[in-house]
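Student: Structure below; questions to follow.
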Amino acid sequence: MTTAVQLFHSLPPIASLPTATVPAAKSSAGARNQPASLHVVCASRKSRDDDYHATLKALNSKGRFPRKSLGQHYMLNPEINGQLARAANVEEGDVVLEIGPGTGSLTNVLINSGATVLAIEKDPHMVDLVRERFETTDKFKVLQEDFVKCHIRSHISPILESRKALNVSLIRAKVVSNLPFNISTDVIKLLLPMGDIFSEVVLLLQEETAVRLVESSLRTSEYRPINVFVNFYSEPEYNFRVPRTNFFPQPNVDAAVVTFRLKQAPDYPSVASTKSFFSMVG
């Protein structure tokens, strides 16, 4: 049987971890473009050492190693987490939903950016880990639930309402997550119609999935019902690619970050019935 220690020994050397790359990406208009405004900064060696060893130490403290059934792949490069937060323009006072916080490396970046984070985690061991890690802050709450089965609106709406009661100008929350690849489509289908409570959804996805979701040209054979759904409810944008060597365990594919800027109901395409429309498309 493979032990946690054996799995840890399979990790790449710290210095070999690459940063994200920004290739020509498909915009929401279907055209290739190079996001010139995104500046990718290499993390310092000390920063990488801290995050690399912190991840191993956190997992080892619970006697855990990633579970394939939960699609768990832990981020080892702290700069990627910073880029995820910047892609969502996370700032002081934001409310952020994080799905699958794992050891809390992205969570920490979000909190340090000034956000209040609501995390949904299915693995009870990881729930205990992040609850202990952030027990001294009032800007974090974690719920042990399966995200695709939970009623997320009932969790987020009270937080937004409490902000309104304090005369805070915040109107909608944001979603920033390094998603388990095996639930990405389900998560997208749940979140994108919630433009009334979320302004943008920034997700780290399997790269092939990311490219397919932002392709909006009806002339391509790759256009599928999910593309109709995505473009009905949002304006998707491919941000940058994340090489597979940034994760533990290393997946078989690279990842990429996509931003979905959610539309609100008045901005949806005009159809008599959304249910009938998607039944026809699907």
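FYI, nothing fancy with the structure tokens labels: chains A, B, ... in order, residues from 1 per chain, ligands from 1 as they appear.
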Which residues are close to Gln144 of chain A, i.e. within 10 Å by only C-alpha atoms, leaving aside same-chain residues fewer than 4 positions away? Reply as an MDAnalysis selection string.
Tutor: chainID A and resid 100 119:128 150
Student: Under the rule of at most 8 Å, produce a per-residue listing of segment 179-218 of chain A near segment 72-86 of chain A: chain, number, name, the closest pair of atoms, and the distance in Å, as CSV, using only C-alpha atoms.
Tutor:
residue,atom,partner,partner_atom,distance
A:Pro180,CA,A:Gln72,CA,5.8
A:Val202,CA,A:Leu84,CA,7.1
A:Leu203,CA,A:Leu84,CA,7.9
A:Leu204,CA,A:Leu84,CA,8.0
Student: Expressed in Å to a single decimal, how great is the separation between atom CA of Val148 of chain A and atom CA of Tyr233 of chain A?
Tutor: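 Atom-to-atom, atom CA of Val148 of chain A to atom CA of Tyr233 of chain A, that is 18.5 Å.
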Student: Counting only C-alpha atoms, which residue out of A:Leu166, A:Val187, A:Asn246, A:Leu110 sits closest to Asp146 of chain A?
Tutor: A:Val187
Student: For a quick check of understanding, using only C-alpha atoms, which of A:Gly93, A:Pro243, A:Pro236, A:Pro101 has the smallest distance to Lys139 of chain A?
Tutor: A:Gly93
Student: Can you tell me which residues surround Leu192 of chain A at a distance of at most 8 Å, considering only C-alpha atoms, apart from same-chain residues fewer than 2 positions away, and format the answer as a PyMOL selection string?
Tutor: chain A and resi 188-190+194-195+201+230+233-234+260+262
Student: Using C-alpha atoms, can you export the residues from the last selection as a compact mmCIF listing (two decimals), in the first residue's frame?
Tutor:
# COMPACT_ATOMS: atom_id res chain seq x y z
CA ILE A 188 -20.35 25.76 -13.42
CA LYS A 189 -23.94 24.73 -14.06
CA LEU A 190 -24.86 25.57 -10.47
CA MET A 194 -26.62 33.02 -9.83
CA GLY A 195 -25.74 36.42 -11.25
CA VAL A 201 -16.54 33.26 -10.84
CA VAL A 230 -21.99 29.50 -20.44
CA TYR A 233 -25.34 33.39 -18.26
CA SER A 234 -21.83 34.88 -18.43
CA PHE A 260 -16.83 34.04 -15.80
CA LEU A 262 -21.92 36.76 -14.55
Student: Measuring atom to atom with only C-alpha atoms, identify which of A:Phe181, A:Phe277, A:Phe140, A:Phe134 is nearest to Ala115 of chain A.
Tutor: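 Once distances to Ala115 of chain A are computed over only C-alpha atoms, the minimum belongs to A:Phe140.
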Student: Please compute the atom CA of Leu205 of chain A-atom CA of Thr259 of chain A distance, one decimal, in Å.
Tutor: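 Computing it gives 10.5 Å between the two atoms.
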